[in-house]
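Participant: Below is a structure I'd like to ask you about.
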Amino acid sequence: MDEPKRGVASWGDAHRWSPAPRHRRRLILKWIAGLEFDNVLDAGCAQAYLLEQILKRYRVSVCGCDSCEQVIEENRLRFPEAEFEVVDLSMSRWPGGRQFDLVVCSEVIEHIEQWTTALCNVASMARRWLLVTAPSGTVYPIDHHVGHFRHFDGQELDSQIEQLGFRILRSRHWGVPMHALYKSAVNSINPQAVYEAFGEAEYGLGKRAVANLLYALFFVNDLFDAGGQYVVLAEHVR
């Protein structure tokens, strides 16, 4: 039985300002830059910051789905240019069997116990391109706290994607050294306290300043193909 992403409806500022989500969005935008697509689905979208950036840059049709009804309703109100549906990826896909040129699934499958079923549902919605990000490496206490069932070594994720009829075009690990140090520090200090302070709270000027500093430092991670973040881009071949 899968467990929904904890706190997704209240993570607005964390998703917007925290360094790791911001860099994931940056990497996703960079990786899809050379692809041809007219529509995009963010599968497990949470707050629609990625879709907003894709629409601004590419002027394509954008859609998002998530299992949390509250966040989908908020997205519909805040971002009427996009289309949103409540979809539990552990059991279903977009209504009517709809497919999309590009499907992005970022930081979702680690929250679903039956991750292979969820990935199958995600992949079935991708007409051509599939981009997945997932945590790799150590499962820290903070990861358990936010609902991670497991992390991925990369190879097993690639293998599963290939079994679903896709060809891996590009993949990499990311996060060394700054993200790794950041995660280690969070878990050394007090995961519960950090989560309450930065995961479910609004970001004032002070927290934004800290987040912006960390975001700048995290650019160092681009120099190393290593770390606790895995990104893979694949093309449908059958």
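In the structure tokens, chains take the letters A, B, ... in the order shown, each chain's residues start at 1, and ligands count up from 1 in the order shown.
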Residues of range 16-61 of chain A that have any atom at most 12 Å from an atom of range 109-112 of chain A: could you tabulate them with the shortest-distance atom pair and the distance in Å to one decimal, using only C-alpha atoms, ordered by chain and increasing number, as a Markdown table?
Facilitator:
| residue | atom | partner | partner_atom | distance |
| --- | --- | --- | --- | --- |
| A:Ala43 | CA | A:Ile109 | CA | 10.0 |
| A:Gly44 | CA | A:Ile109 | CA | 8.8 |
| A:Cys45 | CA | A:Ile109 | CA | 11.9 |
Participant: Skip range 158-168 of chain A itself and residues of its chain fewer than 6 positions away, then list as a PDB file with N, CA and C atoms, in the first residue's frame all residues within 10 Å of it, counting only C-alpha atoms.
Facilitator:
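Result went into out_19.pdb, see below:
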ATOM      1  N   THR A 116       7.574   0.145  -8.858  1.00  0.00           N
ATOM      2  CA  THR A 116       7.593  -0.336 -10.242  1.00  0.00           C
ATOM      3  C   THR A 116       6.228  -0.174 -10.899  1.00  0.00           C
ATOM      4  N   LEU A 119       5.920   3.542 -11.679  1.00  0.00           N
ATOM      5  CA  LEU A 119       6.739   3.913 -12.829  1.00  0.00           C
ATOM      6  C   LEU A 119       6.116   3.410 -14.125  1.00  0.00           C
ATOM      7  N   CYS A 120       5.516   2.245 -14.083  1.00  0.00           N
ATOM      8  CA  CYS A 120       4.814   1.719 -15.258  1.00  0.00           C
ATOM      9  C   CYS A 120       3.673   2.649 -15.657  1.00  0.00           C
ATOM     10  N   ASN A 121       2.906   3.116 -14.685  1.00  0.00           N
ATOM     11  CA  ASN A 121       1.815   4.046 -14.980  1.00  0.00           C
ATOM     12  C   ASN A 121       2.345   5.360 -15.543  1.00  0.00           C
ATOM     13  N   ALA A 123       5.245   5.814 -17.164  1.00  0.00           N
ATOM     14  CA  ALA A 123       5.797   5.572 -18.499  1.00  0.00           C
ATOM     15  C   ALA A 123       4.707   5.389 -19.547  1.00  0.00           C
ATOM     16  N   SER A 124       3.582   4.813 -19.145  1.00  0.00           N
ATOM     17  CA  SER A 124       2.498   4.583 -20.107  1.00  0.00           C
ATOM     18  C   SER A 124       1.892   5.884 -20.609  1.00  0.00           C
ATOM     19  N   ALA A 126       3.782   8.501 -21.411  1.00  0.00           N
ATOM     20  CA  ALA A 126       4.812   9.186 -22.201  1.00  0.00           C
ATOM     21  C   ALA A 126       4.771   8.702 -23.644  1.00  0.00           C
ATOM     22  N   ARG A 128       6.692   9.966 -26.056  1.00  0.00           N
ATOM     23  CA  ARG A 128       8.056   9.909 -26.595  1.00  0.00           C
ATOM     24  C   ARG A 128       9.131  10.036 -25.522  1.00  0.00           C
ATOM     25  N   TRP A 129       9.079  11.090 -24.717  1.00  0.00           N
ATOM     26  CA  TRP A 129      10.165  11.357 -23.784  1.00  0.00           C
ATOM     27  C   TRP A 129       9.735  11.123 -22.339  1.00  0.00           C
ATOM     28  N   LEU A 130      10.656  10.588 -21.546  1.00  0.00           N
ATOM     29  CA  LEU A 130      10.417  10.373 -20.125  1.00  0.00           C
ATOM     30  C   LEU A 130      11.641  10.843 -19.355  1.00  0.00           C
ATOM     31  N   LEU A 131      11.432  11.748 -18.394  1.00  0.00           N
ATOM     32  CA  LEU A 131      12.522  12.222 -17.551  1.00  0.00           C
ATOM     33  C   LEU A 131      12.145  11.975 -16.095  1.00  0.00           C
ATOM     34  N   VAL A 132      13.006  11.262 -15.390  1.00  0.00           N
ATOM     35  CA  VAL A 132      12.748  10.885 -13.999  1.00  0.00           C
ATOM     36  C   VAL A 132      13.893  11.374 -13.127  1.00  0.00           C
ATOM     37  N   PHE A 152      17.467   4.946  -4.860  1.00  0.00           N
ATOM     38  CA  PHE A 152      17.797   4.161  -6.043  1.00  0.00           C
ATOM     39  C   PHE A 152      19.269   4.329  -6.396  1.00  0.00           C
ATOM     40  N   VAL A 231      19.275  11.528 -12.064  1.00  0.00           N
ATOM     41  CA  VAL A 231      18.433  12.071 -13.137  1.00  0.00           C
ATOM     42  C   VAL A 231      18.621  11.209 -14.366  1.00  0.00           C
ATOM     43  N   VAL A 232      17.514  10.837 -15.013  1.00  0.00           N
ATOM     44  CA  VAL A 232      17.606   9.995 -16.215  1.00  0.00           C
ATOM     45  C   VAL A 232      16.584  10.473 -17.246  1.00  0.00           C
ATOM     46  N   LEU A 233      17.046  10.548 -18.486  1.00  0.00           N
ATOM     47  CA  LEU A 233      16.194  10.929 -19.623  1.00  0.00           C
ATOM     48  C   LEU A 233      16.156   9.755 -20.588  1.00  0.00           C
ATOM     49  N   ALA A 234      14.950   9.392 -21.035  1.00  0.00           N
ATOM     50  CA  ALA A 234      14.794   8.235 -21.920  1.00  0.00           C
ATOM     51  C   ALA A 234      13.808   8.555 -23.034  1.00  0.00           C
ATOM     52  N   GLU A 235      13.934   7.802 -24.135  1.00  0.00           N
ATOM     53  CA  GLU A 235      13.059   7.954 -25.297  1.00  0.00           C
ATOM     54  C   GLU A 235      12.308   6.652 -25.541  1.00  0.00           C
ATOM     55  N   HIS A 236      11.017   6.764 -25.835  1.00  0.00           N
ATOM     56  CA  HIS A 236      10.196   5.581 -26.107  1.00  0.00           C
ATOM     57  C   HIS A 236      10.582   5.002 -27.453  1.00  0.00           C
ATOM     58  N   VAL A 237      10.799   3.697 -27.495  1.00  0.00           N
ATOM     59  CA  VAL A 237      11.252   3.048 -28.726  1.00  0.00           C
ATOM     60  C   VAL A 237      10.316   1.960 -29.222  1.00  0.00           C
ATOM     61  N   ARG A 238       9.281   1.612 -28.449  1.00  0.00           N
ATOM     62  CA  ARG A 238       8.345   0.580 -28.942  1.00  0.00           C
ATOM     63  C   ARG A 238       7.007   0.729 -28.230  1.00  0.00           C
TER      64      ARG A 238
END
Participant: Extract the full set of strand (DSSP E or B) residues from range 14-213 of chain A according to DSSP on the backbone, and format it as a ChimeraX atom specification.
Facilitator: /A:39-43,61-66,83-86,100-106,126-135,166-174
Participant: Could you find all residues in range 122-199 of chain A that DSSP calls helix (DSSP H, G or I) from the backbone, and write them as a PDB file with N, CA and C atoms, in the first residue's frame?
Facilitator:
ATOM      1  N   VAL A 122       3.443   5.841 -14.978  1.00  0.00           N
ATOM      2  CA  VAL A 122       4.050   7.077 -15.474  1.00  0.00           C
ATOM      3  C   VAL A 122       4.517   6.899 -16.911  1.00  0.00           C
ATOM      4  N   ALA A 123       5.245   5.814 -17.164  1.00  0.00           N
ATOM      5  CA  ALA A 123       5.797   5.572 -18.499  1.00  0.00           C
ATOM      6  C   ALA A 123       4.707   5.389 -19.547  1.00  0.00           C
ATOM      7  N   SER A 124       3.582   4.813 -19.145  1.00  0.00           N
ATOM      8  CA  SER A 124       2.498   4.583 -20.107  1.00  0.00           C
ATOM      9  C   SER A 124       1.892   5.884 -20.609  1.00  0.00           C
ATOM     10  N   PRO A 141      17.346   9.812   8.208  1.00  0.00           N
ATOM     11  CA  PRO A 141      16.129   9.988   9.005  1.00  0.00           C
ATOM     12  C   PRO A 141      15.177  11.030   8.432  1.00  0.00           C
ATOM     13  N   ILE A 142      15.715  12.133   7.910  1.00  0.00           N
ATOM     14  CA  ILE A 142      14.839  13.154   7.325  1.00  0.00           C
ATOM     15  C   ILE A 142      14.092  12.605   6.120  1.00  0.00           C
ATOM     16  N   ASP A 143      14.711  11.673   5.386  1.00  0.00           N
ATOM     17  CA  ASP A 143      14.052  11.057   4.235  1.00  0.00           C
ATOM     18  C   ASP A 143      12.892  10.173   4.688  1.00  0.00           C
ATOM     19  N   HIS A 144      13.125   9.389   5.723  1.00  0.00           N
ATOM     20  CA  HIS A 144      12.027   8.592   6.289  1.00  0.00           C
ATOM     21  C   HIS A 144      10.905   9.515   6.767  1.00  0.00           C
ATOM     22  N   HIS A 145      11.295  10.624   7.361  1.00  0.00           N
ATOM     23  CA  HIS A 145      10.309  11.534   7.934  1.00  0.00           C
ATOM     24  C   HIS A 145       9.374  12.101   6.866  1.00  0.00           C
ATOM     25  N   GLN A 155      21.194   2.225 -11.598  1.00  0.00           N
ATOM     26  CA  GLN A 155      21.158   1.095 -12.519  1.00  0.00           C
ATOM     27  C   GLN A 155      19.810   0.392 -12.495  1.00  0.00           C
ATOM     28  N   GLU A 156      19.251   0.193 -11.306  1.00  0.00           N
ATOM     29  CA  GLU A 156      17.964  -0.488 -11.219  1.00  0.00           C
ATOM     30  C   GLU A 156      16.845   0.353 -11.831  1.00  0.00           C
ATOM     31  N   LEU A 157      16.952   1.677 -11.711  1.00  0.00           N
ATOM     32  CA  LEU A 157      15.963   2.559 -12.305  1.00  0.00           C
ATOM     33  C   LEU A 157      16.082   2.544 -13.818  1.00  0.00           C
ATOM     34  N   ASP A 158      17.312   2.614 -14.334  1.00  0.00           N
ATOM     35  CA  ASP A 158      17.525   2.523 -15.777  1.00  0.00           C
ATOM     36  C   ASP A 158      16.969   1.211 -16.328  1.00  0.00           C
ATOM     37  N   SER A 159      17.259   0.120 -15.640  1.00  0.00           N
ATOM     38  CA  SER A 159      16.813  -1.195 -16.093  1.00  0.00           C
ATOM     39  C   SER A 159      15.297  -1.282 -16.168  1.00  0.00           C
ATOM     40  N   GLN A 160      14.622  -0.749 -15.156  1.00  0.00           N
ATOM     41  CA  GLN A 160      13.168  -0.779 -15.145  1.00  0.00           C
ATOM     42  C   GLN A 160      12.596   0.073 -16.272  1.00  0.00           C
ATOM     43  N   ILE A 161      13.187   1.234 -16.519  1.00  0.00           N
ATOM     44  CA  ILE A 161      12.726   2.106 -17.596  1.00  0.00           C
ATOM     45  C   ILE A 161      12.908   1.423 -18.949  1.00  0.00           C
ATOM     46  N   GLU A 162      14.030   0.737 -19.136  1.00  0.00           N
ATOM     47  CA  GLU A 162      14.274   0.019 -20.387  1.00  0.00           C
ATOM     48  C   GLU A 162      13.279  -1.113 -20.582  1.00  0.00           C
ATOM     49  N   GLN A 163      12.916  -1.804 -19.516  1.00  0.00           N
ATOM     50  CA  GLN A 163      11.933  -2.877 -19.613  1.00  0.00           C
ATOM     51  C   GLN A 163      10.564  -2.359 -20.038  1.00  0.00           C
ATOM     52  N   MET A 178      28.143  19.642  -2.143  1.00  0.00           N
ATOM     53  CA  MET A 178      27.359  20.538  -1.296  1.00  0.00           C
ATOM     54  C   MET A 178      26.038  19.924  -0.832  1.00  0.00           C
ATOM     55  N   HIS A 179      25.330  19.240  -1.722  1.00  0.00           N
ATOM     56  CA  HIS A 179      24.074  18.626  -1.300  1.00  0.00           C
ATOM     57  C   HIS A 179      24.329  17.535  -0.271  1.00  0.00           C
ATOM     58  N   ALA A 180      25.408  16.774  -0.479  1.00  0.00           N
ATOM     59  CA  ALA A 180      25.757  15.718   0.478  1.00  0.00           C
ATOM     60  C   ALA A 180      26.070  16.305   1.849  1.00  0.00           C
ATOM     61  N   LEU A 181      26.831  17.383   1.884  1.00  0.00           N
ATOM     62  CA  LEU A 181      27.152  18.036   3.158  1.00  0.00           C
ATOM     63  C   LEU A 181      25.897  18.593   3.813  1.00  0.00           C
ATOM     64  N   TYR A 182      25.022  19.162   2.998  1.00  0.00           N
ATOM     65  CA  TYR A 182      23.759  19.735   3.485  1.00  0.00           C
ATOM     66  C   TYR A 182      22.884  18.657   4.133  1.00  0.00           C
ATOM     67  N   LYS A 183      22.737  17.515   3.449  1.00  0.00           N
ATOM     68  CA  LYS A 183      21.918  16.436   4.002  1.00  0.00           C
ATOM     69  C   LYS A 183      22.528  15.895   5.288  1.00  0.00           C
ATOM     70  N   SER A 184      23.845  15.747   5.302  1.00  0.00           N
ATOM     71  CA  SER A 184      24.522  15.244   6.492  1.00  0.00           C
ATOM     72  C   SER A 184      24.338  16.200   7.670  1.00  0.00           C
ATOM     73  N   ALA A 185      24.434  17.506   7.393  1.00  0.00           N
ATOM     74  CA  ALA A 185      24.275  18.500   8.456  1.00  0.00           C
ATOM     75  C   ALA A 185      22.856  18.492   9.013  1.00  0.00           C
ATOM     76  N   VAL A 186      21.867  18.409   8.129  1.00  0.00           N
ATOM     77  CA  VAL A 186      20.475  18.381   8.565  1.00  0.00           C
ATOM     78  C   VAL A 186      20.233  17.218   9.516  1.00  0.00           C
ATOM     79  N   ASN A 187      20.788  16.057   9.186  1.00  0.00           N
ATOM     80  CA  ASN A 187      20.549  14.883   9.999  1.00  0.00           C
ATOM     81  C   ASN A 187      21.412  14.853  11.249  1.00  0.00           C
ATOM     82  N   SER A 188      22.506  15.610  11.251  1.00  0.00           N
ATOM     83  CA  SER A 188      23.335  15.701  12.451  1.00  0.00           C
ATOM     84  C   SER A 188      22.748  16.670  13.463  1.00  0.00           C
ATOM     85  N   ILE A 189      22.060  17.690  12.962  1.00  0.00           N
ATOM     86  CA  ILE A 189      21.501  18.710  13.851  1.00  0.00           C
ATOM     87  C   ILE A 189      20.236  18.175  14.525  1.00  0.00           C
ATOM     88  N   PRO A 191      16.713  16.456  12.490  1.00  0.00           N
ATOM     89  CA  PRO A 191      15.839  16.378  11.324  1.00  0.00           C
ATOM     90  C   PRO A 191      14.430  16.913  11.575  1.00  0.00           C
ATOM     91  N   GLN A 192      13.870  16.601  12.732  1.00  0.00           N
ATOM     92  CA  GLN A 192      12.518  17.055  13.038  1.00  0.00           C
ATOM     93  C   GLN A 192      12.453  18.572  13.108  1.00  0.00           C
ATOM     94  N   ALA A 193      13.418  19.182  13.788  1.00  0.00           N
ATOM     95  CA  ALA A 193      13.416  20.639  13.934  1.00  0.00           C
ATOM     96  C   ALA A 193      13.636  21.333  12.599  1.00  0.00           C
ATOM     97  N   VAL A 194      14.554  20.806  11.787  1.00  0.00           N
ATOM     98  CA  VAL A 194      14.804  21.403  10.469  1.00  0.00           C
ATOM     99  C   VAL A 194      13.575  21.283   9.593  1.00  0.00           C
ATOM    100  N   TYR A 195      12.927  20.128   9.644  1.00  0.00           N
ATOM    101  CA  TYR A 195      11.710  19.922   8.850  1.00  0.00           C
ATOM    102  C   TYR A 195      10.632  20.928   9.242  1.00  0.00           C
ATOM    103  N   GLU A 196      10.440  21.114  10.534  1.00  0.00           N
ATOM    104  CA  GLU A 196       9.409  22.046  10.996  1.00  0.00           C
ATOM    105  C   GLU A 196       9.760  23.486  10.643  1.00  0.00           C
ATOM    106  N   ALA A 197      11.054  23.818  10.669  1.00  0.00           N
ATOM    107  CA  ALA A 197      11.475  25.190  10.408  1.00  0.00           C
ATOM    108  C   ALA A 197      11.468  25.533   8.922  1.00  0.00           C
ATOM    109  N   PHE A 198      11.852  24.560   8.081  1.00  0.00           N
ATOM    110  CA  PHE A 198      12.023  24.861   6.666  1.00  0.00           C
ATOM    111  C   PHE A 198      11.089  24.073   5.749  1.00  0.00           C
ATOM    112  N   GLY A 199      10.455  23.030   6.254  1.00  0.00           N
ATOM    113  CA  GLY A 199       9.601  22.219   5.402  1.00  0.00           C
ATOM    114  C   GLY A 199       8.158  22.667   5.381  1.00  0.00           C
TER     115      GLY A 199
END
Participant: Can you tell me, as a list in words, what residues are no more than 8 Å from Tyr215 in chain A when counting only C-alpha atoms, ignoring any on the same chain fewer than 5 positions away?
Facilitator: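 My reading of the contact set: Ser18, Pro19, Ala20, Arg22 and His23 of chain A.
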Participant: Generate a file of the selected residues that holds C-alpha atoms, formatted as a tab-separated table (two decimals), in the first residue's frame.
Facilitator:
chain	number	residue	atom	x	y	z
A	18	SER	CA	14.91	25.28	-1.10
A	19	PRO	CA	18.15	24.71	-3.03
A	20	ALA	CA	17.62	21.08	-4.06
A	22	ARG	CA	15.37	24.71	-7.43
A	23	HIS	CA	18.38	22.90	-8.86
Participant: For CA of Leu27 in chain A and CA of Asn221 in chain A, determine how far apart the two atoms are, in Å to one decimal place.
Facilitator: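 Calculated distance between CA of Leu27 in chain A and CA of Asn221 in chain A is 11.4 Å.
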Participant: For Gly175 in chain A, which of A:Phe219, A:Phe149, A:Trp115, A:Tyr140 is the closest residue, counting only C-alpha atoms?
Facilitator: A:Phe219
Participant: Pick the closest to Glu113 in chain A from A:Gly64, A:Gly34, A:Gly147, A:Gly204: which is it, counting only C-alpha atoms?
Facilitator: A:Gly147
Participant: How many Å lie between CA of Asp13 in chain A and CA of Glu202 in chain A, rounded to one decimal?
Facilitator: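 Computing the Euclidean distance for CA of Asp13 in chain A and CA of Glu202 in chain A yields 5.8 Å.
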Participant: Pick from A:Leu223, A:Gln47, A:His148, A:Met91: nearest to Ala14 in chain A, with only C-alpha atoms counted?
Facilitator: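 For Ala14 in chain A, the nearest of the candidates is A:Gln47.
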Participant: Quick one: of A:Val87, A:Leu29, A:Leu35, A:Val176, who's nearest to Gln53 in chain A, counting only C-alpha atoms?
Facilitator: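 The shortest atom-to-atom distance to Gln53 in chain A comes from A:Leu29.
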Participant: Between CA of Glu107 in chain A and CA of Arg76 in chain A, what is the distance in Å, rounded to a tenth?
Facilitator: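 If I compute the distance from CA of Glu107 in chain A to CA of Arg76 in chain A, I get 21.2 Å.
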Participant: Rank nothing, just name the residue among A:Ala134, A:Val220, A:Cys105, A:Ala46 nearest to Gly154 in chain A, using only C-alpha atoms.
Facilitator: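 Among A:Ala134, A:Val220, A:Cys105, A:Ala46, it is A:Ala134 that comes nearest to Gly154 in chain A.
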Participant: May I have the residues within 12 Å of Val86 in chain A as a PyMOL selection string, using only C-alpha atoms and disregarding those fewer than 2 positions away in the same chain?
Facilitator: chain A and resi 43-46+63-76+83-84+88-89+91-95
